[in-house]
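Here the structure comes first, spelled out in structure tokens, and everything after it is commentary.
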Amino acid sequence: MNKDTNKEDLRIRSIVISEGVNRVPNRAMLRAVGFKDEDFKKPMIGVASTWSEVTPCNMHIDKLALEAKRGIQESGGAPLIFNTITVSDGISMGHEGMLFSLPSREVIADSIEIVVNAERFDGVVAIGGCDKNTPACLMAIGRMNLPAVYVYGGTIQPGKLDGKDVDIVTAFEAVGQYHEGKIDAEQLYQVECQVCPGAGACGGMYTANTMAAAAEAMGMSLPGSSSTSAIANYKAFECAEAGKLVINLLEKKIYPRDIMTKKAFENAITVVMALGGSTNAFLHLLAIAHSVQVDLSLDDFEAIRVKVPHLADLKPSGKYVMQDLSDVGGVPGVMKLLLEQGLLHGDCMTVTGKTIAENLSEASHLVADQTIIRPFNNPLKKSGPLVVLKGNLAPEGAVAKMSGMKMLRFSGPARVYDSEEETTQAIMNDEIGKGDVVVIRYVGPKGGPGMPEMLSVTAMVVGKGLGGEVALITDGRFSGGSHGFVVGHVAPEAQVGGPIALLQTGDIVTIDSETLEIKFDITPEELQIRKNNWVKPQARYPFGVLAKYAKLVSSASKGAVTDLDLEL
């Protein structure tokens with residue numbers, strides 16, 4: 001017990017620093033950064049800020065971190081802000097920089113874990129923005145299992161061009177339109193200047209907003225966190241409230257693994273399916289589940305998909321952006337609808353100290369007569385659009401996003417490329433035609449390394465008028481902004497000798513979202529001959545961070561984590 005307050009001592013770890021003669025040097029260091037005598041009697045709370053000027057997604061988070069610090073102080077905690085890295089997926093897209101995007105998730109998670117554990121913090125508020133921030137923060141929180149709240153930095157406002165809403169995917173697709181001669185250089189320049197008007201993560205139901213919605217559905221962030229704009233006044237309030245809540249969690253002894261249960265992950269998958277989120281949700285939710293030792297597999301996604309309709313008409317395949325959803329009730333409104341339909345576990349605990357059902361009882365229903373979220377009797381699709389496929393081309397599984405697709409089956413000759421660069425050149429040279437199945441391989445977690453996203457390729461395909469006319473398959477990833485007949489996360493990947501490595505141009509590939517198959521026509525005898533003749537390529541990077549990542553990273557079907565089955 002704390003002798004000064006006669007209340008329970010919340011210094012569950014920091015007491016090793018704040019008490020005792022032997023810790024005089026430790027406390028001396030903290031006095032230099034502003035601690036007073038009274039602060040050493042308080043729980044020390046870390047504020048993990050992903051602030052950076054390298055991306056609009058995170059450019060405002062320094063100010064949000066100060067609000068979280070204020071909330072902690074007002075609730076009797078002793079806060080300390082620290083930073084971690086972020087990379088911009090939009091800026092790193094389409095070149096070698098994208099190889100570093102997914103590895104950044106591990107670096108962010110590792111760095112938060114390192115700082116919080118080294119400094120012996122008693123709890124943490126983590127604030128993220130760009131795509132890898134949310135899963136990374138939740139992975140670190142899950143590993144440490146200290147009282148914690150996650151805050152999403154918020155979505156960007158849509159840009160305006162010729163009276164229409166535009167966003168970053170507009171820019172990627174405009175490149176293809178320019179190469180096709182559909183727009184001129186001046187029009188392309190205007191797109192470049194208008195699509196990103198300020199702070200916040202990319203506005204459609206892309207990866208950042210998808211994972212923020214998943215975090216809210218899991219109960220790890222405040223209601224409304226995922227759909228509120230980065231520039232809304234609520235964001236500052238939310239951060240201050242998160243600071244207060246982490247003290248409340250300490251008092252009530254509510255820990256992340258009490259919140260991130262198997263049922264909480266099922267809630268997250270349900271919300272992602274209803275919203276038509278990014279295929280990256282598979283990768284990240286599997287990784288977060290691993291961090292809290294919850295048994296989650298691709299089969300769990302499929303079991304939920306068949307029960308949950310696709311309701312949200314959001315970009316990239318729909319009309320609207322996250323700001324539009326926020327205006328009509330946001331993610332809480334969607335969750336309230338899903339709960340009323342019996343599709344959410346209402347008894348799951350959340351960071352508010354209340355259950356999902358209790359939180360949603362205070363939420364408003366979606367605005368009447370809005371067109372962003374469809375009613376259950378008229379969904380965009382009767383089941384979720386994120387499909388798990390298996391077959392002789394992907395024995396461990398692959399994932400596809402079928403939102404906005406009229407065709408449910410695609411069969412055609414493979415056009416095989418061993419890099420994104422080769423594929424891009426082929427598209428520019430008009431080597432790919434209607435009916436082709438474009439295969440981009442050796443870009444998986446180990447092969448990339450780093451499992452790069454193929455947004456530039458898919459955007460060029462759409463820009464050239466081939467959207468829905470060709471299929472794309474890769475052992476890499478597709479951005480949340482990708483749409484069309486695209487299949488990613490093919491596992492096992494080419495670099496480890498998976499069947500995708502044995503494909504040859506001209507092989508007939510079939511993708512069937514109704515039978516959930518992805519296969520190519522080949523006899524067992526021919527497949528064995530190709531296996532015998534396959535030679536594993538040399539690693540692209542013999543040293544440095546990508547070399548370490550390639551050595552440690554697991555299959556995409558296991559979340560592409562770097563701490564799975566480590567042999568010491």
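Labels for the structure tokens follow display order: chains A, B, ..., residues from 1 in each chain, ligands from 1.
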
Do you know which residues are at most 8 Å from stretch 132-140 of chain A counting only C-alpha atoms, after dropping those on the same chain fewer than 2 positions away, and could you put them as a PyMOL selection string? chain A and resi 50+86+101-102+104-106+108-110+112-113+126-130+142-144+150+152+208+211-212+215+284-285+287-288+291-292

Write the residues of the selection above to a file with C-alpha atoms, as a PDB file, in the first residue's frame.
```pdb
ATOM      1  CA  THR A  50       4.764   7.317 -33.513  1.00  0.00           C
ATOM      2  CA  THR A  86       7.178   4.803 -38.669  1.00  0.00           C
ATOM      3  CA  SER A 101       7.351  -1.543 -44.676  1.00  0.00           C
ATOM      4  CA  LEU A 102       6.256  -4.828 -43.105  1.00  0.00           C
ATOM      5  CA  SER A 104       8.831  -1.840 -39.679  1.00  0.00           C
ATOM      6  CA  ARG A 105       5.908  -3.474 -37.874  1.00  0.00           C
ATOM      7  CA  GLU A 106       8.342  -5.713 -36.015  1.00  0.00           C
ATOM      8  CA  ILE A 108       7.937  -0.680 -33.877  1.00  0.00           C
ATOM      9  CA  ALA A 109       6.644  -3.516 -31.705  1.00  0.00           C
ATOM     10  CA  ASP A 110      10.139  -4.461 -30.549  1.00  0.00           C
ATOM     11  CA  ILE A 112       7.961  -0.257 -27.646  1.00  0.00           C
ATOM     12  CA  GLU A 113       8.534  -3.522 -25.799  1.00  0.00           C
ATOM     13  CA  ALA A 126       0.256   3.981 -27.607  1.00  0.00           C
ATOM     14  CA  ILE A 127      -0.711   6.340 -30.434  1.00  0.00           C
ATOM     15  CA  GLY A 128      -0.397   5.237 -34.056  1.00  0.00           C
ATOM     16  CA  GLY A 129      -1.211   6.399 -37.553  1.00  0.00           C
ATOM     17  CA  CYS A 130       0.101   4.711 -40.701  1.00  0.00           C
ATOM     18  CA  GLY A 142       0.016  -7.984 -26.069  1.00  0.00           C
ATOM     19  CA  ARG A 143       3.524  -9.231 -25.402  1.00  0.00           C
ATOM     20  CA  MET A 144       4.008  -7.077 -22.295  1.00  0.00           C
ATOM     21  CA  TYR A 150      -4.380   2.289 -27.995  1.00  0.00           C
ATOM     22  CA  TYR A 152      -5.589   5.821 -33.528  1.00  0.00           C
ATOM     23  CA  ALA A 208      -4.779   1.897 -41.521  1.00  0.00           C
ATOM     24  CA  MET A 211      -6.764  -2.079 -38.420  1.00  0.00           C
ATOM     25  CA  ALA A 212      -8.017   0.887 -36.394  1.00  0.00           C
ATOM     26  CA  ALA A 215      -8.602  -2.415 -32.614  1.00  0.00           C
ATOM     27  CA  HIS A 284      -1.925  -8.356 -38.712  1.00  0.00           C
ATOM     28  CA  LEU A 285      -4.660 -10.021 -36.669  1.00  0.00           C
ATOM     29  CA  ALA A 287       0.340 -11.515 -35.564  1.00  0.00           C
ATOM     30  CA  ILE A 288      -1.518  -9.745 -32.746  1.00  0.00           C
ATOM     31  CA  SER A 291       1.423 -11.850 -29.192  1.00  0.00           C
ATOM     32  CA  VAL A 292      -1.367 -12.673 -26.702  1.00  0.00           C
TER      33      VAL A 292
END
```

Write out, as CSV, each residue of stretch 59-100 of chain A that has an atom at most 8 Å from stretch 233-249 of chain A, together with the closest pair of atoms and their distance in Å to one decimal, counting only C-alpha atoms, rows going by chain and rising number.
```
residue,atom,partner,partner_atom,distance
A:Leu64,CA,A:Ala236,CA,5.8
A:Ala65,CA,A:Cys239,CA,7.2
A:Glu67,CA,A:Ala240,CA,4.9
A:Ala68,CA,A:Ala240,CA,4.4
A:Lys69,CA,A:Gly243,CA,6.5
A:Arg70,CA,A:Ala240,CA,6.2
A:Gly71,CA,A:Ala240,CA,4.1
A:Ile72,CA,A:Gly243,CA,4.3
A:Gln73,CA,A:Gly243,CA,7.9
A:Glu74,CA,A:Lys244,CA,7.3
A:Ser75,CA,A:Lys244,CA,5.4
A:Gly76,CA,A:Ile247,CA,7.6
A:Gly77,CA,A:Ile247,CA,6.9
```

At a cut-off of 6 Å, can you tabulate as a Markdown table every residue of stretch 398-445 of chain A near stretch 482-506 of chain A together with its closest atom pair and the distance in Å to one decimal, using only C-alpha atoms and ordering rows by chain then number?
```
| residue | atom | partner | partner_atom | distance |
| --- | --- | --- | --- | --- |
| A:Ala398 | CA | A:Val490 | CA | 4.4 |
| A:Val399 | CA | A:Gly488 | CA | 5.5 |
| A:Ala400 | CA | A:Val487 | CA | 4.5 |
| A:Pro413 | CA | A:Gly506 | CA | 4.8 |
| A:Ala414 | CA | A:Thr505 | CA | 5.0 |
| A:Arg415 | CA | A:Thr505 | CA | 4.9 |
| A:Val416 | CA | A:Thr505 | CA | 5.2 |
| A:Tyr442 | CA | A:Ala494 | CA | 5.2 |
| A:Gly444 | CA | A:Glu493 | CA | 5.7 |
```

For the selection you just gave me, I'd like the residues written to a file as a PDB file, in the first residue's frame, keeping N, CA and C atoms.
```pdb
ATOM      1  N   ALA A 398      -4.323 -18.631 -49.214  1.00  0.00           N
ATOM      2  CA  ALA A 398      -4.116 -17.328 -49.839  1.00  0.00           C
ATOM      3  C   ALA A 398      -5.363 -16.519 -49.536  1.00  0.00           C
ATOM      4  N   VAL A 399      -5.294 -15.206 -49.708  1.00  0.00           N
ATOM      5  CA  VAL A 399      -6.448 -14.368 -49.391  1.00  0.00           C
ATOM      6  C   VAL A 399      -6.799 -13.481 -50.578  1.00  0.00           C
ATOM      7  N   ALA A 400      -8.092 -13.259 -50.745  1.00  0.00           N
ATOM      8  CA  ALA A 400      -8.583 -12.427 -51.840  1.00  0.00           C
ATOM      9  C   ALA A 400      -9.661 -11.503 -51.316  1.00  0.00           C
ATOM     10  N   PRO A 413      -4.554 -18.162 -68.568  1.00  0.00           N
ATOM     11  CA  PRO A 413      -3.137 -18.516 -68.623  1.00  0.00           C
ATOM     12  C   PRO A 413      -2.285 -17.617 -67.727  1.00  0.00           C
ATOM     13  N   ALA A 414      -1.324 -18.225 -67.075  1.00  0.00           N
ATOM     14  CA  ALA A 414      -0.437 -17.474 -66.189  1.00  0.00           C
ATOM     15  C   ALA A 414       0.578 -16.669 -66.980  1.00  0.00           C
ATOM     16  N   ARG A 415       0.819 -15.450 -66.512  1.00  0.00           N
ATOM     17  CA  ARG A 415       1.930 -14.628 -66.994  1.00  0.00           C
ATOM     18  C   ARG A 415       2.829 -14.432 -65.783  1.00  0.00           C
ATOM     19  N   VAL A 416       3.951 -15.117 -65.752  1.00  0.00           N
ATOM     20  CA  VAL A 416       4.744 -15.241 -64.531  1.00  0.00           C
ATOM     21  C   VAL A 416       5.915 -14.264 -64.525  1.00  0.00           C
ATOM     22  N   TYR A 442       8.292 -14.515 -55.590  1.00  0.00           N
ATOM     23  CA  TYR A 442       9.548 -14.189 -54.907  1.00  0.00           C
ATOM     24  C   TYR A 442       9.483 -12.818 -54.247  1.00  0.00           C
ATOM     25  N   GLY A 444       7.479 -12.684 -51.235  1.00  0.00           N
ATOM     26  CA  GLY A 444       6.864 -13.017 -49.956  1.00  0.00           C
ATOM     27  C   GLY A 444       7.657 -12.491 -48.782  1.00  0.00           C
TER      28      GLY A 444
END
```

So which bits of stretch 265-306 of chain A end up alpha helix (DSSP H) when you DSSP the backbone, as a count of residues only?
31

Practice task
List every residue of stretch 325-551 of chain A that DSSP, applied to the backbone, labels as strand (DSSP E), and write the result as an NGL selection string.
Solution key: :A and (386-391 or 394-401 or 409-417 or 437-440 or 471-474 or 485-491 or 508-512 or 517-520)

**Prompt:** If you count only C-alpha atoms, which residues fall within 10 Å of A:Leu389, apart from same-chain ones fewer than 3 positions away, as a PyMOL selection string?
**Reply:** chain A and resi 298+302+386+393-400+487-488+490+511-519

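Nearest residue to A:Ile141 among A:Met205, A:Val509, A:Val47, A:Leu275 is A:Val47, counting only C-alpha atoms.
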
message: I'd like the interatomic distance between atom CA of A:Lys182 and atom CA of A:Phe410, to a tenth of an Å.
response: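 According to the coordinates, atom CA of A:Lys182 and atom CA of A:Phe410 are separated by 27.3 Å.
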
Taken to one decimal, the atom CA of A:Ile432-atom CA of A:Gly468 distance is 13.0 Å

Discussion item. Considering only C-alpha atoms, can you say which of A:Gly219, A:Ala230, A:Val443, A:Val294 comes closest to A:Val149?
Written reply: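 Result for the nearest residue to A:Val149: A:Gly219.
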
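Computed from the coordinates, the atom CA of A:Ser227 to atom CA of A:Ser557 distance equals 28.4 Å.
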
task = Considering only C-alpha atoms, return as a PyMOL selection string whatever protein or nucleic-acid residues lie within 12 Å of stretch 52-57 of chain A, sequence-local ones (same chain, fewer than 2 positions apart) excluded.
result = chain A and resi 49-50+59-63+83-92+127-134+152-157+168+195-203+208-209+229-231

Of A:Asp347, A:Ser225, A:Lys382, A:Met451, the one nearest to A:Gly329 when counting only C-alpha atoms is A:Ser225

**Asked** Skipping near chain neighbours, those fewer than 4 positions away, what residues fall within 12 Å of A:Val16 using only C-alpha atoms, listed as JSON, numbers by chain?
**Response** {"A": [11, 12, 20, 21, 22, 23, 24, 26, 27, 40, 41, 43, 44, 118, 119, 120, 121, 122]}

Across A:Arg441, A:Lys390, A:Lys36, A:His290, the smallest distance to A:Glu421, with only C-alpha atoms counted, is shown by A:Arg441

Residue with the minimum atom-to-atom distance to A:Ile522, picked from A:Thr510, A:Ser361, A:Ser317, A:Gln425 with only C-alpha atoms counted, is A:Thr510

- Task: For A:Val166, list every protein, DNA or RNA residue within 9 Å, evaluated using only C-alpha atoms, and leave out those in the same chain fewer than 5 positions away; present the list as number ranges by chain.
- Result: A: 158-161, 171, 191, 194-196
